[in-house]
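*Asks:* Input structure: upload15.cif, which contains mmCIF, N, CA and C atoms.
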```
data_run
loop_
_atom_site.label_atom_id
_atom_site.label_comp_id
_atom_site.auth_asym_id
_atom_site.auth_seq_id
_atom_site.Cartn_x
_atom_site.Cartn_y
_atom_site.Cartn_z
N MET V 1 66.17 59.21 106.54
CA MET V 1 65.96 57.90 107.14
C MET V 1 66.79 56.87 106.39
N ARG V 2 67.59 56.12 107.11
CA ARG V 2 68.45 55.08 106.53
C ARG V 2 67.59 53.97 105.95
N GLN V 3 67.91 53.56 104.72
CA GLN V 3 67.14 52.52 104.05
C GLN V 3 67.69 51.12 104.30
N SER V 4 68.97 50.98 104.60
CA SER V 4 69.57 49.68 104.87
C SER V 4 70.54 49.77 106.02
N SER V 5 70.69 48.66 106.70
CA SER V 5 71.63 48.65 107.82
C SER V 5 73.06 48.63 107.31
N ARG V 6 73.96 49.16 108.13
CA ARG V 6 75.38 49.26 107.76
C ARG V 6 76.15 48.03 108.23
N ILE V 7 77.18 47.70 107.48
CA ILE V 7 78.16 46.70 107.90
C ILE V 7 79.39 47.49 108.32
N THR V 8 79.81 47.34 109.57
CA THR V 8 81.02 48.02 110.04
C THR V 8 82.15 47.01 110.15
N PHE V 9 83.38 47.50 110.18
CA PHE V 9 84.55 46.62 110.14
C PHE V 9 85.43 46.83 111.35
N ARG V 10 86.02 45.73 111.82
CA ARG V 10 87.01 45.83 112.90
C ARG V 10 88.29 46.45 112.38
N SER V 11 88.69 46.03 111.18
CA SER V 11 89.89 46.58 110.56
C SER V 11 89.50 47.70 109.60
N THR V 12 89.97 48.89 109.85
CA THR V 12 89.65 50.03 109.01
C THR V 12 90.18 49.85 107.59
N PHE V 13 91.21 49.05 107.40
CA PHE V 13 91.90 48.98 106.12
C PHE V 13 91.45 47.80 105.26
N ARG V 14 90.29 47.24 105.53
CA ARG V 14 89.81 46.07 104.80
C ARG V 14 89.39 46.40 103.37
N ILE V 15 88.65 47.48 103.18
CA ILE V 15 88.13 47.83 101.86
C ILE V 15 88.78 49.14 101.41
N LYS V 16 89.54 49.06 100.33
CA LYS V 16 90.23 50.24 99.79
C LYS V 16 89.33 50.96 98.80
N ILE V 17 89.35 52.29 98.87
CA ILE V 17 88.55 53.12 97.98
C ILE V 17 89.50 54.00 97.18
N SER V 18 89.41 53.90 95.85
CA SER V 18 90.29 54.67 94.95
C SER V 18 89.47 55.56 94.04
N ASP V 19 90.09 56.65 93.62
CA ASP V 19 89.55 57.48 92.56
C ASP V 19 89.86 56.73 91.27
N ARG V 20 88.85 56.24 90.58
CA ARG V 20 89.12 55.38 89.42
C ARG V 20 89.62 56.14 88.20
N GLU V 21 89.40 57.45 88.15
CA GLU V 21 89.91 58.22 87.01
C GLU V 21 91.41 58.50 87.15
N ARG V 22 91.87 58.67 88.39
CA ARG V 22 93.30 58.94 88.63
C ARG V 22 94.06 57.70 89.10
N ASP V 23 93.30 56.63 89.41
CA ASP V 23 93.87 55.39 89.93
C ASP V 23 94.72 55.65 91.17
N THR V 24 94.16 56.45 92.10
CA THR V 24 94.87 56.76 93.35
C THR V 24 93.99 56.40 94.54
N LEU V 25 94.62 55.86 95.57
CA LEU V 25 93.92 55.52 96.80
C LEU V 25 93.49 56.81 97.50
N ILE V 26 92.19 56.90 97.86
CA ILE V 26 91.73 58.09 98.57
C ILE V 26 91.29 57.77 100.00
N GLY V 27 91.15 56.48 100.31
CA GLY V 27 90.77 56.13 101.68
C GLY V 27 90.26 54.72 101.79
N TYR V 28 89.52 54.51 102.88
CA TYR V 28 89.01 53.18 103.22
C TYR V 28 87.55 53.30 103.64
N ALA V 29 86.81 52.21 103.49
CA ALA V 29 85.41 52.20 103.91
C ALA V 29 85.33 51.94 105.40
N GLY V 30 84.69 52.84 106.12
CA GLY V 30 84.47 52.66 107.55
C GLY V 30 83.26 51.78 107.80
N ASP V 31 82.26 51.94 106.95
CA ASP V 31 81.11 51.06 106.94
C ASP V 31 80.48 51.12 105.55
N VAL V 32 79.68 50.11 105.22
CA VAL V 32 79.03 50.05 103.91
C VAL V 32 77.60 49.58 104.06
N SER V 33 76.79 49.94 103.09
CA SER V 33 75.43 49.41 102.96
C SER V 33 75.12 49.40 101.47
N GLU V 34 73.99 48.83 101.12
CA GLU V 34 73.59 48.77 99.72
C GLU V 34 73.35 50.17 99.14
N CYS V 35 73.19 51.18 100.00
CA CYS V 35 72.90 52.55 99.56
C CYS V 35 74.11 53.47 99.55
N GLY V 36 75.23 53.03 100.14
CA GLY V 36 76.39 53.90 100.19
C GLY V 36 77.44 53.42 101.17
N MET V 37 78.24 54.36 101.66
CA MET V 37 79.33 54.02 102.59
C MET V 37 79.80 55.24 103.34
N LYS V 38 80.57 54.98 104.41
CA LYS V 38 81.30 56.05 105.08
C LYS V 38 82.76 55.91 104.66
N LEU V 39 83.30 56.94 104.05
CA LEU V 39 84.68 56.97 103.58
C LEU V 39 85.56 57.59 104.66
N LEU V 40 86.67 56.93 104.97
CA LEU V 40 87.66 57.46 105.90
C LEU V 40 88.91 57.80 105.09
N GLY V 41 89.35 59.04 105.15
CA GLY V 41 90.51 59.45 104.36
C GLY V 41 91.33 60.52 105.05
N ASP V 42 92.42 60.89 104.38
CA ASP V 42 93.33 61.91 104.92
C ASP V 42 92.92 63.33 104.54
N VAL V 43 92.05 63.48 103.55
CA VAL V 43 91.61 64.81 103.11
C VAL V 43 90.09 64.87 103.10
N PRO V 44 89.53 66.05 103.32
CA PRO V 44 88.07 66.16 103.31
C PRO V 44 87.50 66.03 101.90
N VAL V 45 86.24 65.63 101.84
CA VAL V 45 85.50 65.56 100.58
C VAL V 45 84.43 66.64 100.64
N GLU V 46 84.28 67.36 99.57
CA GLU V 46 83.30 68.45 99.51
C GLU V 46 81.88 67.89 99.41
N PRO V 47 80.99 68.23 100.36
CA PRO V 47 79.60 67.79 100.24
C PRO V 47 79.00 68.24 98.91
N GLY V 48 78.28 67.34 98.27
CA GLY V 48 77.68 67.60 96.96
C GLY V 48 78.55 67.14 95.81
N SER V 49 79.83 66.84 96.08
CA SER V 49 80.71 66.42 94.99
C SER V 49 80.39 64.99 94.55
N GLU V 50 80.53 64.76 93.24
CA GLU V 50 80.29 63.45 92.65
C GLU V 50 81.63 62.74 92.50
N LEU V 51 81.68 61.50 92.95
CA LEU V 51 82.92 60.75 92.96
C LEU V 51 82.80 59.49 92.11
N LYS V 52 83.80 59.24 91.28
CA LYS V 52 83.88 58.01 90.49
C LYS V 52 84.89 57.12 91.18
N LEU V 53 84.39 56.09 91.85
CA LEU V 53 85.21 55.31 92.76
C LEU V 53 85.42 53.87 92.29
N ARG V 54 86.48 53.29 92.79
CA ARG V 54 86.77 51.86 92.63
C ARG V 54 86.87 51.29 94.05
N VAL V 55 86.03 50.30 94.34
CA VAL V 55 85.99 49.64 95.64
C VAL V 55 86.73 48.32 95.49
N ARG V 56 87.77 48.10 96.32
CA ARG V 56 88.57 46.87 96.22
C ARG V 56 88.72 46.20 97.57
N MET V 57 88.59 44.88 97.56
CA MET V 57 88.77 44.11 98.79
C MET V 57 89.08 42.66 98.44
N ARG V 58 89.65 41.95 99.37
CA ARG V 58 89.87 40.51 99.21
C ARG V 58 88.72 39.77 99.87
N ASP V 59 88.22 38.73 99.18
CA ASP V 59 87.15 37.92 99.78
C ASP V 59 87.77 36.85 100.68
N ARG V 60 86.94 36.01 101.25
CA ARG V 60 87.42 34.99 102.19
C ARG V 60 88.42 34.01 101.57
N GLU V 61 88.32 33.82 100.26
CA GLU V 61 89.24 32.91 99.57
C GLU V 61 90.53 33.61 99.14
N GLY V 62 90.65 34.90 99.45
CA GLY V 62 91.85 35.64 99.10
C GLY V 62 91.83 36.25 97.71
N GLU V 63 90.71 36.11 97.00
CA GLU V 63 90.57 36.68 95.67
C GLU V 63 90.25 38.17 95.76
N MET V 64 90.87 38.96 94.88
CA MET V 64 90.60 40.40 94.86
C MET V 64 89.25 40.64 94.18
N ARG V 65 88.38 41.36 94.85
CA ARG V 65 87.09 41.77 94.29
C ARG V 65 87.16 43.27 94.06
N GLN V 66 86.63 43.69 92.92
CA GLN V 66 86.70 45.11 92.55
C GLN V 66 85.40 45.51 91.88
N VAL V 67 84.87 46.67 92.29
CA VAL V 67 83.63 47.19 91.73
C VAL V 67 83.80 48.69 91.48
N ASP V 68 83.40 49.15 90.32
CA ASP V 68 83.38 50.58 90.02
C ASP V 68 81.99 51.12 90.34
N VAL V 69 81.96 52.28 90.98
CA VAL V 69 80.70 52.83 91.43
C VAL V 69 80.78 54.36 91.43
N ASP V 70 79.64 55.01 91.19
CA ASP V 70 79.53 56.46 91.28
C ASP V 70 78.78 56.81 92.56
N MET V 71 79.33 57.74 93.34
CA MET V 71 78.69 58.15 94.59
C MET V 71 78.72 59.66 94.70
N ILE V 72 77.86 60.17 95.56
CA ILE V 72 77.81 61.61 95.82
C ILE V 72 77.99 61.82 97.33
N CYS V 73 78.78 62.81 97.68
CA CYS V 73 79.07 63.10 99.09
C CYS V 73 77.88 63.83 99.71
N GLN V 74 77.35 63.27 100.79
CA GLN V 74 76.22 63.85 101.51
C GLN V 74 76.68 64.77 102.64
N TRP V 75 77.78 64.40 103.30
CA TRP V 75 78.32 65.17 104.42
C TRP V 75 79.80 64.84 104.58
N SER V 76 80.52 65.70 105.26
CA SER V 76 81.95 65.49 105.50
C SER V 76 82.35 66.20 106.78
N GLN V 77 83.21 65.54 107.58
CA GLN V 77 83.68 66.15 108.83
C GLN V 77 84.98 65.47 109.25
N GLU V 78 85.73 66.18 110.08
CA GLU V 78 86.95 65.59 110.63
C GLU V 78 86.61 64.91 111.95
N ASN V 79 87.13 63.70 112.13
CA ASN V 79 87.00 62.99 113.39
C ASN V 79 88.27 63.27 114.18
N VAL V 80 88.19 64.15 115.17
CA VAL V 80 89.39 64.55 115.90
C VAL V 80 89.98 63.40 116.72
N ARG V 81 89.16 62.43 117.07
CA ARG V 81 89.64 61.28 117.84
C ARG V 81 90.54 60.38 116.99
N THR V 82 90.17 60.13 115.73
CA THR V 82 90.94 59.22 114.87
C THR V 82 91.93 59.95 113.97
N GLY V 83 91.65 61.24 113.70
CA GLY V 83 92.49 61.99 112.76
C GLY V 83 92.08 61.83 111.32
N PHE V 84 91.09 60.98 111.04
CA PHE V 84 90.59 60.80 109.67
C PHE V 84 89.51 61.83 109.37
N PHE V 85 89.38 62.16 108.09
CA PHE V 85 88.20 62.88 107.62
C PHE V 85 87.20 61.80 107.25
N GLU V 86 85.94 62.01 107.64
CA GLU V 86 84.88 61.07 107.33
C GLU V 86 83.91 61.73 106.36
N ALA V 87 83.40 60.93 105.43
CA ALA V 87 82.42 61.44 104.47
C ALA V 87 81.34 60.40 104.26
N GLY V 88 80.10 60.83 104.31
CA GLY V 88 78.97 59.95 104.02
C GLY V 88 78.69 60.01 102.53
N LEU V 89 78.80 58.87 101.86
CA LEU V 89 78.62 58.80 100.42
C LEU V 89 77.38 57.99 100.08
N ALA V 90 76.58 58.50 99.15
CA ALA V 90 75.36 57.82 98.71
C ALA V 90 75.56 57.32 97.28
N LEU V 91 75.10 56.10 97.05
CA LEU V 91 75.16 55.51 95.72
C LEU V 91 74.39 56.39 94.75
N GLN V 92 75.00 56.66 93.62
CA GLN V 92 74.36 57.48 92.60
C GLN V 92 74.02 56.57 91.43
N GLY V 93 72.73 56.46 91.10
CA GLY V 93 72.31 55.57 90.03
C GLY V 93 72.29 54.13 90.52
N ASP V 94 72.18 53.21 89.59
CA ASP V 94 72.14 51.79 89.92
C ASP V 94 73.51 51.16 89.76
N SER V 95 73.85 50.27 90.67
CA SER V 95 75.08 49.50 90.56
C SER V 95 74.82 48.11 91.11
N ALA V 96 74.37 47.21 90.24
CA ALA V 96 74.07 45.84 90.65
C ALA V 96 75.31 45.17 91.22
N ASP V 97 76.49 45.43 90.65
CA ASP V 97 77.72 44.81 91.14
C ASP V 97 78.04 45.23 92.57
N TYR V 98 77.85 46.51 92.88
CA TYR V 98 78.10 47.00 94.24
C TYR V 98 77.11 46.36 95.22
N VAL V 99 75.84 46.34 94.86
CA VAL V 99 74.82 45.75 95.73
C VAL V 99 75.13 44.27 95.96
N LEU V 100 75.54 43.55 94.92
CA LEU V 100 75.90 42.14 95.08
C LEU V 100 77.10 41.97 96.02
N LEU V 101 78.08 42.87 95.92
CA LEU V 101 79.24 42.82 96.80
C LEU V 101 78.80 42.95 98.27
N ILE V 102 77.93 43.91 98.55
CA ILE V 102 77.47 44.14 99.92
C ILE V 102 76.61 42.97 100.39
N GLU V 103 75.72 42.49 99.54
CA GLU V 103 74.89 41.34 99.91
C GLU V 103 75.76 40.12 100.21
N GLY V 104 76.84 39.94 99.44
CA GLY V 104 77.77 38.84 99.69
C GLY V 104 78.44 38.98 101.05
N MET V 105 78.78 40.20 101.44
CA MET V 105 79.37 40.42 102.76
C MET V 105 78.39 40.06 103.86
N ARG V 106 77.13 40.39 103.65
CA ARG V 106 76.11 40.07 104.68
C ARG V 106 75.99 38.57 104.85
N LYS V 107 76.03 37.82 103.76
CA LYS V 107 75.92 36.36 103.84
C LYS V 107 77.09 35.77 104.60
N VAL V 108 78.30 36.27 104.33
CA VAL V 108 79.51 35.77 105.00
C VAL V 108 79.44 36.06 106.50
N ARG V 109 78.97 37.25 106.86
CA ARG V 109 78.91 37.65 108.28
C ARG V 109 77.87 36.82 109.03
N LYS V 110 76.76 36.45 108.36
CA LYS V 110 75.72 35.65 109.01
C LYS V 110 76.10 34.18 109.06
N GLY V 111 76.85 33.73 108.04
CA GLY V 111 77.18 32.30 107.91
C GLY V 111 78.17 31.88 108.88
#
```
How does this structure look as structure tokens?

*Replies:*
Amino acid sequence: MRQSSRITFRSTFRIKISDRERDTLIGYAGDVSECGMKLLGDVPVEPGSELKLRVRMRDREGEMRQVDVDMICQWSQENVRTGFFEAGLALQGDSADYVLLIEGMRKVRKG
């Protein structure tokens, strides 16, 4: 059962997701919530794998916002319509910075 509603994006490339240990782009957020995200990428993610990620995006003022977060892959599949691999990622442990980032997005969308 989903604990929080998702924020989805018109532009797939709004929020960049990187492997923070290798400093390489692995994909983009298709949607986000305080509990996790859907990752869209060119390669599949193994369900059960733990990921050390860096979430980067520009806010409304054009400032770069960046949050480091640990997530675990819950599921992964190829979307034949878009050509992306999709993975459902769940927040692992606490990340106040990530939750604040998502809450800030909700305020902007409502405002």

*Asks:* Nearest to Gln92 (chain V): which of V:Asp70, V:Met57, V:Ser49, V:Met37 is it, counting only N, CA and C atoms?

*Replies:*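 Closest candidate: V:Asp70.
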
*Asks:* CA of Thr24 (chain V) to atom N of Arg106 (chain V): how many Å, to one decimal?

*Replies:*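 Pair CA of Thr24 (chain V) / atom N of Arg106 (chain V) returns 26.2 Å.
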
*Asks:* Figure out the distance between CA of Gly27 (chain V) and CA of Glu63 (chain V), please, to one decimal in Å.

*Replies:*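 Result for CA of Glu63 (chain V) versus CA of Gly27 (chain V): 20.4 Å, one decimal.
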
*Asks:* Select, from V:Val55, V:Ser95, V:Glu46, V:Leu100, the residue with the minimum atom-to-atom distance to Ile72 (chain V), counting only N, CA and C atoms.

*Replies:* V:Glu46

*Asks:* Which value, in Å to one decimal, gives the distance between atom N of Cys73 (chain V) and atom N of Lys52 (chain V)?

*Replies:*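 We find that atom N of Cys73 (chain V) and atom N of Lys52 (chain V) lie 8.9 Å from each other.
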
*Asks:* Suppose a student applies the PyMOL selection byres (((chain V and resi 74-77 and name CA) around 10) and name CA) to this structure; what residues should they get, written as number ranges by chain?

*Replies:* V: 38-40, 43-50, 71-73, 78-80, 84-90

*Asks:* Using only C-alpha atoms, which of V:Ser5, V:Ile15, V:Gly41, V:Val32 sits nearest Gly83 (chain V)?

*Replies:*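 Closest candidate: V:Gly41.
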
*Asks:* Which residue out of V:Ser33, V:Arg56, V:Met105, V:Asp42 has the minimum interatomic distance to Lys16 (chain V) when only N, CA and C atoms are used?

*Replies:*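 Nearest to Lys16 (chain V): V:Arg56.
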
*Asks:* Could you pull out all residues of chain V with a DSSP call of strand (DSSP E) and give them as a PyMOL selection string?

*Replies:* chain V and resi 7-8+16-19+24-33+36-41+50-58+64-78+85-91

*Asks:* Could the residues in this selection be written to a file with N, CA and C atoms, as a compact mmCIF listing (two decimals), in the coordinates of the input?

*Replies:*
```
# COMPACT_ATOMS: atom_id res chain seq x y z
N ILE V 7 77.18 47.70 107.48
CA ILE V 7 78.16 46.70 107.90
C ILE V 7 79.39 47.49 108.32
N THR V 8 79.81 47.34 109.57
CA THR V 8 81.02 48.02 110.04
C THR V 8 82.15 47.01 110.15
N LYS V 16 89.54 49.06 100.33
CA LYS V 16 90.23 50.24 99.79
C LYS V 16 89.33 50.96 98.80
N ILE V 17 89.35 52.29 98.87
CA ILE V 17 88.55 53.12 97.98
C ILE V 17 89.50 54.00 97.18
N SER V 18 89.41 53.90 95.85
CA SER V 18 90.29 54.67 94.95
C SER V 18 89.47 55.56 94.04
N ASP V 19 90.09 56.65 93.62
CA ASP V 19 89.55 57.48 92.56
C ASP V 19 89.86 56.73 91.27
N THR V 24 94.16 56.45 92.10
CA THR V 24 94.87 56.76 93.35
C THR V 24 93.99 56.40 94.54
N LEU V 25 94.62 55.86 95.57
CA LEU V 25 93.92 55.52 96.80
C LEU V 25 93.49 56.81 97.50
N ILE V 26 92.19 56.90 97.86
CA ILE V 26 91.73 58.09 98.57
C ILE V 26 91.29 57.77 100.00
N GLY V 27 91.15 56.48 100.31
CA GLY V 27 90.77 56.13 101.68
C GLY V 27 90.26 54.72 101.79
N TYR V 28 89.52 54.51 102.88
CA TYR V 28 89.01 53.18 103.22
C TYR V 28 87.55 53.30 103.64
N ALA V 29 86.81 52.21 103.49
CA ALA V 29 85.41 52.20 103.91
C ALA V 29 85.33 51.94 105.40
N GLY V 30 84.69 52.84 106.12
CA GLY V 30 84.47 52.66 107.55
C GLY V 30 83.26 51.78 107.80
N ASP V 31 82.26 51.94 106.95
CA ASP V 31 81.11 51.06 106.94
C ASP V 31 80.48 51.12 105.55
N VAL V 32 79.68 50.11 105.22
CA VAL V 32 79.03 50.05 103.91
C VAL V 32 77.60 49.58 104.06
N SER V 33 76.79 49.94 103.09
CA SER V 33 75.43 49.41 102.96
C SER V 33 75.12 49.40 101.47
N GLY V 36 75.23 53.03 100.14
CA GLY V 36 76.39 53.90 100.19
C GLY V 36 77.44 53.42 101.17
N MET V 37 78.24 54.36 101.66
CA MET V 37 79.33 54.02 102.59
C MET V 37 79.80 55.24 103.34
N LYS V 38 80.57 54.98 104.41
CA LYS V 38 81.30 56.05 105.08
C LYS V 38 82.76 55.91 104.66
N LEU V 39 83.30 56.94 104.05
CA LEU V 39 84.68 56.97 103.58
C LEU V 39 85.56 57.59 104.66
N LEU V 40 86.67 56.93 104.97
CA LEU V 40 87.66 57.46 105.90
C LEU V 40 88.91 57.80 105.09
N GLY V 41 89.35 59.04 105.15
CA GLY V 41 90.51 59.45 104.36
C GLY V 41 91.33 60.52 105.05
N GLU V 50 80.53 64.76 93.24
CA GLU V 50 80.29 63.45 92.65
C GLU V 50 81.63 62.74 92.50
N LEU V 51 81.68 61.50 92.95
CA LEU V 51 82.92 60.75 92.96
C LEU V 51 82.80 59.49 92.11
N LYS V 52 83.80 59.24 91.28
CA LYS V 52 83.88 58.01 90.49
C LYS V 52 84.89 57.12 91.18
N LEU V 53 84.39 56.09 91.85
CA LEU V 53 85.21 55.31 92.76
C LEU V 53 85.42 53.87 92.29
N ARG V 54 86.48 53.29 92.79
CA ARG V 54 86.77 51.86 92.63
C ARG V 54 86.87 51.29 94.05
N VAL V 55 86.03 50.30 94.34
CA VAL V 55 85.99 49.64 95.64
C VAL V 55 86.73 48.32 95.49
N ARG V 56 87.77 48.10 96.32
CA ARG V 56 88.57 46.87 96.22
C ARG V 56 88.72 46.20 97.57
N MET V 57 88.59 44.88 97.56
CA MET V 57 88.77 44.11 98.79
C MET V 57 89.08 42.66 98.44
N ARG V 58 89.65 41.95 99.37
CA ARG V 58 89.87 40.51 99.21
C ARG V 58 88.72 39.77 99.87
N MET V 64 90.87 38.96 94.88
CA MET V 64 90.60 40.40 94.86
C MET V 64 89.25 40.64 94.18
N ARG V 65 88.38 41.36 94.85
CA ARG V 65 87.09 41.77 94.29
C ARG V 65 87.16 43.27 94.06
N GLN V 66 86.63 43.69 92.92
CA GLN V 66 86.70 45.11 92.55
C GLN V 66 85.40 45.51 91.88
N VAL V 67 84.87 46.67 92.29
CA VAL V 67 83.63 47.19 91.73
C VAL V 67 83.80 48.69 91.48
N ASP V 68 83.40 49.15 90.32
CA ASP V 68 83.38 50.58 90.02
C ASP V 68 81.99 51.12 90.34
N VAL V 69 81.96 52.28 90.98
CA VAL V 69 80.70 52.83 91.43
C VAL V 69 80.78 54.36 91.43
N ASP V 70 79.64 55.01 91.19
CA ASP V 70 79.53 56.46 91.28
C ASP V 70 78.78 56.81 92.56
N MET V 71 79.33 57.74 93.34
CA MET V 71 78.69 58.15 94.59
C MET V 71 78.72 59.66 94.70
N ILE V 72 77.86 60.17 95.56
CA ILE V 72 77.81 61.61 95.82
C ILE V 72 77.99 61.82 97.33
N CYS V 73 78.78 62.81 97.68
CA CYS V 73 79.07 63.10 99.09
C CYS V 73 77.88 63.83 99.71
N GLN V 74 77.35 63.27 100.79
CA GLN V 74 76.22 63.85 101.51
C GLN V 74 76.68 64.77 102.64
N TRP V 75 77.78 64.40 103.30
CA TRP V 75 78.32 65.17 104.42
C TRP V 75 79.80 64.84 104.58
N SER V 76 80.52 65.70 105.26
CA SER V 76 81.95 65.49 105.50
C SER V 76 82.35 66.20 106.78
N GLN V 77 83.21 65.54 107.58
CA GLN V 77 83.68 66.15 108.83
C GLN V 77 84.98 65.47 109.25
N GLU V 78 85.73 66.18 110.08
CA GLU V 78 86.95 65.59 110.63
C GLU V 78 86.61 64.91 111.95
N PHE V 85 89.38 62.16 108.09
CA PHE V 85 88.20 62.88 107.62
C PHE V 85 87.20 61.80 107.25
N GLU V 86 85.94 62.01 107.64
CA GLU V 86 84.88 61.07 107.33
C GLU V 86 83.91 61.73 106.36
N ALA V 87 83.40 60.93 105.43
CA ALA V 87 82.42 61.44 104.47
C ALA V 87 81.34 60.40 104.26
N GLY V 88 80.10 60.83 104.31
CA GLY V 88 78.97 59.95 104.02
C GLY V 88 78.69 60.01 102.53
N LEU V 89 78.80 58.87 101.86
CA LEU V 89 78.62 58.80 100.42
C LEU V 89 77.38 57.99 100.08
N ALA V 90 76.58 58.50 99.15
CA ALA V 90 75.36 57.82 98.71
C ALA V 90 75.56 57.32 97.28
N LEU V 91 75.10 56.10 97.05
CA LEU V 91 75.16 55.51 95.72
C LEU V 91 74.39 56.39 94.75
```
